[in-house]
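Here is upload_26.txt, consisting of compact mmCIF, C-alpha atoms and all ligand atoms:
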```txt
# COMPACT_ATOMS: atom_id res chain seq x y z
CA MET V 989 29.83 2.59 12.05
CA CYS V 990 33.19 3.54 13.48
CA GLY V 991 33.45 6.80 11.59
CA VAL V 992 36.14 5.65 9.18
CA VAL V 993 35.22 6.80 5.71
CA GLY V 994 37.02 5.68 2.57
CA ASN V 995 38.71 8.44 0.59
CA TRP V 996 36.70 7.88 -2.57
CA ARG V 997 33.55 8.85 -0.70
CA VAL V 998 35.11 12.06 0.58
CA GLU V 999 36.41 12.84 -2.91
CA LEU V 1000 32.98 12.28 -4.44
CA ILE V 1001 31.36 14.52 -1.83
CA GLU V 1002 34.04 17.21 -2.23
CA ALA V 1003 33.56 17.15 -6.00
CA HIS V 1004 29.80 17.62 -5.63
CA ARG V 1005 29.43 19.66 -2.43
CA ASP V 1006 26.25 21.34 -3.68
CA LEU V 1007 24.50 17.97 -3.98
CA PHE V 1008 25.71 16.57 -0.64
CA GLN V 1009 25.89 19.76 1.44
CA PRO V 1010 28.37 18.24 3.90
CA PRO V 1011 29.50 19.82 7.17
CA ALA V 1012 32.27 22.27 6.20
CA ASP V 1013 35.02 20.59 8.20
CA PHE V 1014 33.99 16.94 7.78
CA PRO V 1015 32.74 16.05 4.29
CA GLY V 1016 32.63 12.35 5.13
CA ALA V 1017 29.82 13.07 7.58
CA ALA V 1018 27.45 14.17 4.81
CA GLN V 1019 24.04 12.56 5.20
CA GLY V 1020 24.24 11.14 1.69
CA SER V 1021 27.75 9.70 2.02
CA PRO V 1022 27.62 6.48 -0.05
CA GLU V 1023 27.09 3.30 1.96
CA CYS V 1024 28.38 0.99 -0.74
CA ASP V 1025 31.70 -0.23 -2.10
CA ALA V 1026 34.09 1.51 -4.50
CA GLY V 1027 33.02 -0.41 -7.60
CA TRP V 1028 30.02 1.89 -7.89
CA ARG V 1029 32.07 5.05 -7.60
CA ASP V 1030 32.06 5.77 -11.34
CA LEU V 1031 28.34 5.35 -11.77
CA LEU V 1032 27.76 7.57 -8.73
CA ASP V 1033 30.11 10.17 -10.14
CA ARG V 1034 28.25 10.10 -13.45
CA LEU V 1035 24.97 10.41 -11.57
CA CYS V 1036 26.25 13.45 -9.66
CA VAL V 1037 27.43 15.16 -12.85
CA ARG V 1038 24.05 14.56 -14.48
CA ILE V 1039 22.04 15.75 -11.50
CA ALA V 1040 24.24 18.83 -11.04
CA GLY V 1041 23.60 19.80 -14.66
CA ILE V 1042 19.86 19.22 -14.33
CA VAL V 1043 19.44 21.00 -10.99
CA GLN V 1044 21.69 23.94 -11.87
CA ALA V 1045 19.42 25.02 -14.70
CA ASP V 1046 16.35 24.78 -12.45
CA GLY V 1047 17.55 26.71 -9.44
CA GLY V 1048 15.58 24.41 -7.12
CA ALA V 1049 16.74 22.64 -3.97
CA PHE V 1050 18.37 19.22 -4.04
CA LYS V 1051 20.31 17.22 -1.49
CA PHE V 1052 21.16 13.52 -1.31
CA SER V 1053 19.67 12.09 1.89
CA GLN V 1054 20.89 8.51 1.48
CA ILE V 1055 22.92 6.46 -0.97
CA LYS V 1056 23.24 2.78 -0.15
CA GLU V 1057 23.28 -0.79 -1.34
CA LYS V 1058 20.15 -2.83 -0.73
CA TYR V 1059 19.37 -6.33 -2.02
CA GLY V 1060 22.47 -6.09 -4.21
CA THR V 1061 21.67 -2.85 -6.00
CA LEU V 1062 22.03 0.86 -5.46
CA ARG V 1063 19.36 2.93 -3.73
CA VAL V 1064 19.39 6.69 -3.92
CA TYR V 1065 17.19 8.98 -1.82
CA TRP V 1066 17.04 12.75 -1.84
CA ASP V 1067 15.34 15.75 -0.29
CA GLY V 1068 14.39 18.86 -2.13
CA ALA V 1069 11.96 20.83 -4.19
CA LEU V 1070 12.29 20.95 -7.95
CA SER V 1071 9.91 21.87 -10.72
CA PRO V 1072 7.96 18.80 -11.94
CA ASP V 1073 9.90 18.65 -15.17
CA VAL V 1074 13.29 18.74 -13.50
CA ASP V 1075 12.09 16.39 -10.80
CA ALA V 1076 11.29 13.81 -13.48
CA GLN V 1077 14.71 14.26 -15.09
CA VAL V 1078 16.44 13.70 -11.74
CA GLU V 1079 14.36 10.58 -11.16
CA GLU V 1080 15.32 9.28 -14.57
CA ALA V 1081 19.02 9.84 -13.86
CA ILE V 1082 18.70 8.01 -10.53
CA ALA V 1083 16.78 5.14 -12.12
CA LEU V 1084 19.55 4.72 -14.68
CA ALA V 1085 22.28 4.69 -12.03
CA GLU V 1086 20.34 2.15 -9.96
CA ALA V 1087 19.82 0.01 -13.05
CA ARG V 1088 23.49 0.25 -13.92
CA SER V 1089 24.44 -0.90 -10.42
CA ALA V 1090 22.54 -4.13 -11.07
CA VAL V 1091 25.10 -5.06 -13.74
CA THR V 1092 28.22 -3.57 -12.10
CA CYS V 1093 30.47 -5.33 -9.57
CA GLU V 1094 30.20 -3.35 -6.34
CA GLU V 1095 33.83 -4.14 -5.55
CA CYS V 1096 35.72 -3.41 -8.78
CA GLY V 1097 33.30 -1.78 -11.23
CA GLU V 1098 33.58 -4.51 -13.87
CA GLU V 1099 30.50 -6.19 -15.31
CA GLY V 1100 28.70 -8.00 -12.52
CA ARG V 1101 25.65 -10.09 -11.83
CA LEU V 1102 23.31 -10.42 -8.90
CA ARG V 1103 24.48 -13.31 -6.72
CA ASP V 1104 22.90 -15.31 -4.01
CA GLY V 1105 24.54 -16.16 -0.70
CA ALA V 1106 24.00 -15.10 2.89
CA TRP V 1107 22.70 -11.93 1.25
CA LEU V 1108 22.26 -10.63 -2.29
CA THR V 1109 25.23 -8.91 -3.90
CA THR V 1110 26.21 -7.77 -7.39
CA ARG V 1111 29.69 -9.04 -8.18
CA CYS V 1112 31.86 -10.00 -11.15
CA GLU V 1113 33.12 -13.56 -11.48
CA ALA V 1114 36.46 -12.72 -9.82
CA HIS V 1115 34.76 -11.26 -6.74
CA SER V 1116 31.91 -13.76 -6.60
CA GLU V 1117 33.62 -15.96 -3.98
CA GLY V 1118 31.92 -18.86 -5.70
CA ARG V 1119 28.42 -17.53 -5.15
CA PRO V 1120 26.12 -18.46 -8.03
CA PRO V 1121 24.34 -15.86 -10.11
CA VAL V 1122 20.64 -15.46 -9.48
CA GLU V 1123 18.89 -16.71 -12.58
CA HIS V 1124 15.42 -15.39 -11.93
CA ARG V 1125 15.22 -11.87 -10.73
CA SER V 1126 11.50 -11.54 -10.36
CA GLY V 1127 10.79 -8.26 -8.67
CA LEU V 1128 14.43 -7.45 -8.06
CA GLU V 1129 14.81 -5.43 -11.22
CA ASN V 1130 12.31 -2.93 -9.96
CA VAL V 1131 13.97 0.39 -9.44
CA HIS V 1132 12.62 2.36 -6.53
CA VAL V 1133 12.88 6.09 -6.35
CA VAL V 1134 11.81 7.53 -3.01
CA ARG V 1135 11.57 11.24 -2.42
CA HIS V 1136 10.92 13.00 0.84
CA PHE V 1137 9.65 16.54 0.86
CA ALA V 1138 10.14 19.15 3.53
CA ASP V 1139 6.48 18.98 4.54
CA GLY V 1140 6.72 15.25 5.25
CA ARG V 1141 5.00 14.00 2.12
CA ARG V 1142 6.62 10.98 0.57
CA PHE V 1143 6.44 9.82 -3.00
CA VAL V 1144 7.51 6.43 -4.22
CA THR V 1145 7.74 5.50 -7.84
CA CYS V 1146 8.79 2.13 -9.18
CA ARG V 1147 10.22 1.36 -12.55
CA ARG V 1148 11.07 -1.86 -14.20
CA TYR V 1149 14.42 -2.09 -15.90
CA ASP V 1150 14.52 -4.57 -18.74
CA ARG V 1151 17.93 -5.20 -20.30
CA ARG V 1152 16.50 -7.22 -23.15
CA PRO V 1153 15.39 -5.26 -26.19
CA ARG V 1154 11.70 -5.55 -26.78
CA LEU V 1155 10.44 -6.90 -30.08
CA LEU V 1156 7.68 -4.74 -31.38
CA GLY V 1157 6.26 -7.13 -33.94
CA ILE V 1158 3.08 -6.58 -35.84
CA GLU V 1159 0.61 -9.31 -35.10
CA GLU V 1160 -1.07 -10.81 -38.09
ZN ZN V 1201 34.67 -7.39 -9.32
```
Spell out the structure here as C-alpha cells.
Amino acid sequence: MCGVVGNWRVELIEAHRDLFQPPADFPGAAQGSPECDAGWRDLLDRLCVRIAGIVQADGGAFKFSQIKEKYGTLRVYWDGALSPDVDAQVEEAIALAEARSAVTCEECGEEGRLRDGAWLTTRCEAHSEGRPPVEHRSGLENVHVVRHFADGRRFVTCRRYDRRPRLLGIEE
C-alpha cells in the first residue's frame, strides 16, 4: 500500500467516525478503512447506518477492524463488546451486507455476478472483461462473520445465503 486512499473511503469513515474511530488527523488510516472498490460503497454506507442505530441504543463498544474483498465478496470484521442481543443484530446486518456484495458489481454498484479468472471477482457484464460467471458456487455463498474480543477469544459463525425462495410444500 502506498498510502493513497480514495475519497469515498475517507467520506464513509468521516460519516461514521464512531464506528471506525480513525486517527483524528488522518481518517483514511482507520484500521477498518475499506479494502474494496467503490461499487460497494452504498452497501457499506447502509451497513454503517444500520450498525450505528443498533449500537447506539446498546451503549456497548464497536469498532470495524477490517473491511475487505475476499474470494469476490465482502468480509467485515469488528472488535467490541455488545450485549448478546445487539451482537446478533450486528451480525445479521453484516451478513446481509456480505450477501448483497455477492450480487453487486464491486466497480460500479450495478447487479453483478461472481466471475472466474485469475481470481474471483463480483462484476456486472460491462465490467466483466469477458470473464465468465461462476455457475456453481458451492461453499462460496457461505457468509463468514468473525469477531475478535479484547481478551483474545475469537468467534466465527457461518451462514448460508440462498437467493432462491424455498418451497415449503406439504408432503403427502
Ligand atoms: Zn459494473
Within 9 Å of ligand ZN 1201 (chain V), which residues of chain V show up? Give each one with its shortest atom-to-atom distance in Å (one decimal) and the two atoms involved, counting all atoms listed in the file, rows by chain then rising residue number, as JSON lines.
```
{"residue": "V:Gly1027", "atom": "CA", "partner": "V:ZN1201", "partner_atom": "ZN", "distance": 7.4}
{"residue": "V:Thr1092", "atom": "CA", "partner": "V:ZN1201", "partner_atom": "ZN", "distance": 8.0}
{"residue": "V:Cys1093", "atom": "CA", "partner": "V:ZN1201", "partner_atom": "ZN", "distance": 4.7}
{"residue": "V:Glu1094", "atom": "CA", "partner": "V:ZN1201", "partner_atom": "ZN", "distance": 6.7}
{"residue": "V:Glu1095", "atom": "CA", "partner": "V:ZN1201", "partner_atom": "ZN", "distance": 5.0}
{"residue": "V:Cys1096", "atom": "CA", "partner": "V:ZN1201", "partner_atom": "ZN", "distance": 4.2}
{"residue": "V:Gly1097", "atom": "CA", "partner": "V:ZN1201", "partner_atom": "ZN", "distance": 6.1}
{"residue": "V:Glu1098", "atom": "CA", "partner": "V:ZN1201", "partner_atom": "ZN", "distance": 5.5}
{"residue": "V:Glu1099", "atom": "CA", "partner": "V:ZN1201", "partner_atom": "ZN", "distance": 7.4}
{"residue": "V:Gly1100", "atom": "CA", "partner": "V:ZN1201", "partner_atom": "ZN", "distance": 6.8}
{"residue": "V:Thr1110", "atom": "CA", "partner": "V:ZN1201", "partner_atom": "ZN", "distance": 8.7}
{"residue": "V:Arg1111", "atom": "CA", "partner": "V:ZN1201", "partner_atom": "ZN", "distance": 5.4}
{"residue": "V:Cys1112", "atom": "CA", "partner": "V:ZN1201", "partner_atom": "ZN", "distance": 4.2}
{"residue": "V:Glu1113", "atom": "CA", "partner": "V:ZN1201", "partner_atom": "ZN", "distance": 6.7}
{"residue": "V:Ala1114", "atom": "CA", "partner": "V:ZN1201", "partner_atom": "ZN", "distance": 5.6}
{"residue": "V:His1115", "atom": "CA", "partner": "V:ZN1201", "partner_atom": "ZN", "distance": 4.7}
{"residue": "V:Ser1116", "atom": "CA", "partner": "V:ZN1201", "partner_atom": "ZN", "distance": 7.5}
```
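Proximity of V:Ala1090, V:Val1043, V:Leu1007, V:Ala1081 to V:Trp1066, computed with all atoms listed in the file, is greatest for V:Leu1007.
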Where is the centre and how long are the edges: axis-aligned box on stretch 1093-1109 of chain V, 4 Å on each side, Å to one decimal, as JSON:
```
{"center_x": 29.0, "center_y": -9.0, "center_z": -6.2, "size_x": 21.5, "size_y": 22.4, "size_z": 26.2}
```
**Study point:** Contacts of V:Asp1073 at 12 Å (only C-alpha atoms; same-chain gap of 4+ positions) as a ChimeraX atom specification
**Key:** /V:1042-1043,1045-1046,1048,1069,1077-1080
Could you write out that same residue set with C-alpha atoms as a PDB file, in the coordinates of the input?
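See out.pdb below for the written result:
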```pdb
ATOM      1  CA  ILE V1042      19.860  19.220 -14.330  1.00  0.00           C
ATOM      2  CA  VAL V1043      19.440  21.000 -10.990  1.00  0.00           C
ATOM      3  CA  ALA V1045      19.420  25.020 -14.700  1.00  0.00           C
ATOM      4  CA  ASP V1046      16.350  24.780 -12.450  1.00  0.00           C
ATOM      5  CA  GLY V1048      15.580  24.410  -7.120  1.00  0.00           C
ATOM      6  CA  ALA V1069      11.960  20.830  -4.190  1.00  0.00           C
ATOM      7  CA  GLN V1077      14.710  14.260 -15.090  1.00  0.00           C
ATOM      8  CA  VAL V1078      16.440  13.700 -11.740  1.00  0.00           C
ATOM      9  CA  GLU V1079      14.360  10.580 -11.160  1.00  0.00           C
ATOM     10  CA  GLU V1080      15.320   9.280 -14.570  1.00  0.00           C
TER      11      GLU V1080
END
```
Check your understanding: From the list V:Leu1108, V:Ala1003, V:Leu1062, V:Val998, which residue is nearest V:Glu1086 when using only C-alpha atoms?
Key -> V:Leu1062
Exercise for review: Enter the distance from atom CA of V:Lys1051 to atom CA of V:Asp1067, in Å, rounded to one decimal.
Suggested key: 5.3 Å
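Atom CA of V:Arg1005 lies 15.1 Å from atom CA of V:Gly1068.
Straight-line separation from atom CA of V:Gln1044 to atom CA of V:Pro1022: 21.9 Å.
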Practice item. Would you please work out which residue, of V:Ala1106, V:Ile1001, V:Val1074, V:Ala1026, is nearest to V:Phe1014 when using only C-alpha atoms? Key: V:Ile1001
Point to revise | Who sits within 9 Å of V:Arg1088, all atoms listed in the file, same chain under 3 positions skipped, as a list in words | key: Leu1031, Thr1061, Leu1062, Ala1083, Leu1084, Ala1085, Val1091 and Thr1092 of chain V
Practice item. Show which residues sit within 6 Å of V:Leu1102, as a ChimeraX atom specification. Count all atoms listed in the file, and ignore same-chain residues fewer than 3 positions away. Key: /V:1109-1110,1121-1122
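Minimum atom-to-atom distance to V:Ala1040, evaluated using all atoms listed in the file, belongs to V:His1004 out of V:His1004, V:Arg997, V:Arg1119, V:Arg1103.
Among the candidates V:Ser1089, V:Asn995, V:Ser1053, V:Ser1071, the residue lying nearest to V:Pro1015 is V:Asn995 (atoms considered: all atoms listed in the file).
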Got a minute to add N, CA and C atoms to stretch 1087-1116 of chain V and dump it as a PDB file, in the frame of the given file?
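Heads up, here's the output in result.pdb:
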```pdb
ATOM      1  N   ALA V1087      19.846   1.119 -12.092  1.00  0.00           N
ATOM      2  CA  ALA V1087      19.820   0.010 -13.050  1.00  0.00           C
ATOM      3  C   ALA V1087      21.234  -0.420 -13.412  1.00  0.00           C
ATOM      4  N   ARG V1088      22.099   0.561 -13.569  1.00  0.00           N
ATOM      5  CA  ARG V1088      23.490   0.250 -13.920  1.00  0.00           C
ATOM      6  C   ARG V1088      24.172  -0.521 -12.786  1.00  0.00           C
ATOM      7  N   SER V1089      23.823  -0.205 -11.554  1.00  0.00           N
ATOM      8  CA  SER V1089      24.440  -0.900 -10.420  1.00  0.00           C
ATOM      9  C   SER V1089      24.113  -2.387 -10.428  1.00  0.00           C
ATOM     10  N   ALA V1090      22.972  -2.729 -11.035  1.00  0.00           N
ATOM     11  CA  ALA V1090      22.540  -4.130 -11.070  1.00  0.00           C
ATOM     12  C   ALA V1090      23.396  -4.980 -12.000  1.00  0.00           C
ATOM     13  N   VAL V1091      24.219  -4.320 -12.824  1.00  0.00           N
ATOM     14  CA  VAL V1091      25.100  -5.060 -13.740  1.00  0.00           C
ATOM     15  C   VAL V1091      26.555  -4.646 -13.553  1.00  0.00           C
ATOM     16  N   THR V1092      26.871  -4.067 -12.377  1.00  0.00           N
ATOM     17  CA  THR V1092      28.220  -3.570 -12.100  1.00  0.00           C
ATOM     18  C   THR V1092      28.728  -4.117 -10.773  1.00  0.00           C
ATOM     19  N   CYS V1093      29.892  -4.773 -10.800  1.00  0.00           N
ATOM     20  CA  CYS V1093      30.470  -5.330  -9.570  1.00  0.00           C
ATOM     21  C   CYS V1093      30.671  -4.209  -8.552  1.00  0.00           C
ATOM     22  N   GLU V1094      30.115  -4.396  -7.361  1.00  0.00           N
ATOM     23  CA  GLU V1094      30.200  -3.350  -6.340  1.00  0.00           C
ATOM     24  C   GLU V1094      31.632  -3.198  -5.815  1.00  0.00           C
ATOM     25  N   GLU V1095      32.456  -4.217  -6.045  1.00  0.00           N
ATOM     26  CA  GLU V1095      33.830  -4.140  -5.550  1.00  0.00           C
ATOM     27  C   GLU V1095      34.793  -3.485  -6.521  1.00  0.00           C
ATOM     28  N   CYS V1096      34.689  -3.872  -7.828  1.00  0.00           N
ATOM     29  CA  CYS V1096      35.720  -3.410  -8.780  1.00  0.00           C
ATOM     30  C   CYS V1096      35.160  -2.599  -9.939  1.00  0.00           C
ATOM     31  N   GLY V1097      33.867  -2.579 -10.147  1.00  0.00           N
ATOM     32  CA  GLY V1097      33.300  -1.780 -11.230  1.00  0.00           C
ATOM     33  C   GLY V1097      33.197  -2.503 -12.566  1.00  0.00           C
ATOM     34  N   GLU V1098      33.717  -3.731 -12.627  1.00  0.00           N
ATOM     35  CA  GLU V1098      33.580  -4.510 -13.870  1.00  0.00           C
ATOM     36  C   GLU V1098      32.147  -5.031 -13.969  1.00  0.00           C
ATOM     37  N   GLU V1099      31.849  -5.662 -15.126  1.00  0.00           N
ATOM     38  CA  GLU V1099      30.500  -6.190 -15.310  1.00  0.00           C
ATOM     39  C   GLU V1099      30.197  -7.228 -14.232  1.00  0.00           C
ATOM     40  N   GLY V1100      29.068  -7.090 -13.601  1.00  0.00           N
ATOM     41  CA  GLY V1100      28.700  -8.000 -12.520  1.00  0.00           C
ATOM     42  C   GLY V1100      27.303  -8.552 -12.677  1.00  0.00           C
ATOM     43  N   ARG V1101      26.989  -9.511 -11.828  1.00  0.00           N
ATOM     44  CA  ARG V1101      25.650 -10.090 -11.830  1.00  0.00           C
ATOM     45  C   ARG V1101      25.177 -10.226 -10.391  1.00  0.00           C
ATOM     46  N   LEU V1102      23.872 -10.218 -10.226  1.00  0.00           N
ATOM     47  CA  LEU V1102      23.310 -10.420  -8.900  1.00  0.00           C
ATOM     48  C   LEU V1102      23.602 -11.843  -8.453  1.00  0.00           C
ATOM     49  N   ARG V1103      24.109 -11.990  -7.224  1.00  0.00           N
ATOM     50  CA  ARG V1103      24.480 -13.310  -6.720  1.00  0.00           C
ATOM     51  C   ARG V1103      23.837 -13.582  -5.375  1.00  0.00           C
ATOM     52  N   ASP V1104      23.552 -14.863  -5.233  1.00  0.00           N
ATOM     53  CA  ASP V1104      22.900 -15.310  -4.010  1.00  0.00           C
ATOM     54  C   ASP V1104      23.962 -15.749  -3.009  1.00  0.00           C
ATOM     55  N   GLY V1105      23.625 -15.731  -1.743  1.00  0.00           N
ATOM     56  CA  GLY V1105      24.540 -16.160  -0.700  1.00  0.00           C
ATOM     57  C   GLY V1105      23.865 -15.888   0.618  1.00  0.00           C
ATOM     58  N   ALA V1106      24.615 -15.486   1.624  1.00  0.00           N
ATOM     59  CA  ALA V1106      24.000 -15.100   2.890  1.00  0.00           C
ATOM     60  C   ALA V1106      23.104 -13.881   2.653  1.00  0.00           C
ATOM     61  N   TRP V1107      23.525 -13.053   1.677  1.00  0.00           N
ATOM     62  CA  TRP V1107      22.700 -11.930   1.250  1.00  0.00           C
ATOM     63  C   TRP V1107      22.953 -11.696  -0.232  1.00  0.00           C
ATOM     64  N   LEU V1108      22.118 -10.888  -0.866  1.00  0.00           N
ATOM     65  CA  LEU V1108      22.260 -10.630  -2.290  1.00  0.00           C
ATOM     66  C   LEU V1108      23.345  -9.585  -2.548  1.00  0.00           C
ATOM     67  N   THR V1109      24.192  -9.859  -3.537  1.00  0.00           N
ATOM     68  CA  THR V1109      25.230  -8.910  -3.900  1.00  0.00           C
ATOM     69  C   THR V1109      25.366  -8.891  -5.421  1.00  0.00           C
ATOM     70  N   THR V1110      25.894  -7.803  -5.959  1.00  0.00           N
ATOM     71  CA  THR V1110      26.210  -7.770  -7.390  1.00  0.00           C
ATOM     72  C   THR V1110      27.733  -7.776  -7.515  1.00  0.00           C
ATOM     73  N   ARG V1111      28.238  -8.845  -8.098  1.00  0.00           N
ATOM     74  CA  ARG V1111      29.690  -9.040  -8.180  1.00  0.00           C
ATOM     75  C   ARG V1111      30.075  -9.642  -9.532  1.00  0.00           C
ATOM     76  N   CYS V1112      31.310  -9.363  -9.962  1.00  0.00           N
ATOM     77  CA  CYS V1112      31.860 -10.000 -11.150  1.00  0.00           C
ATOM     78  C   CYS V1112      32.272 -11.430 -10.757  1.00  0.00           C
ATOM     79  N   GLU V1113      32.712 -12.184 -11.744  1.00  0.00           N
ATOM     80  CA  GLU V1113      33.120 -13.560 -11.480  1.00  0.00           C
ATOM     81  C   GLU V1113      34.280 -13.598 -10.474  1.00  0.00           C
ATOM     82  N   ALA V1114      35.260 -12.716 -10.670  1.00  0.00           N
ATOM     83  CA  ALA V1114      36.460 -12.720  -9.820  1.00  0.00           C
ATOM     84  C   ALA V1114      36.134 -12.408  -8.356  1.00  0.00           C
ATOM     85  N   HIS V1115      35.119 -11.625  -8.113  1.00  0.00           N
ATOM     86  CA  HIS V1115      34.760 -11.260  -6.740  1.00  0.00           C
ATOM     87  C   HIS V1115      33.521 -12.002  -6.241  1.00  0.00           C
ATOM     88  N   SER V1116      33.148 -13.058  -6.955  1.00  0.00           N
ATOM     89  CA  SER V1116      31.910 -13.760  -6.600  1.00  0.00           C
ATOM     90  C   SER V1116      32.078 -14.674  -5.386  1.00  0.00           C
TER      91      SER V1116
END
```
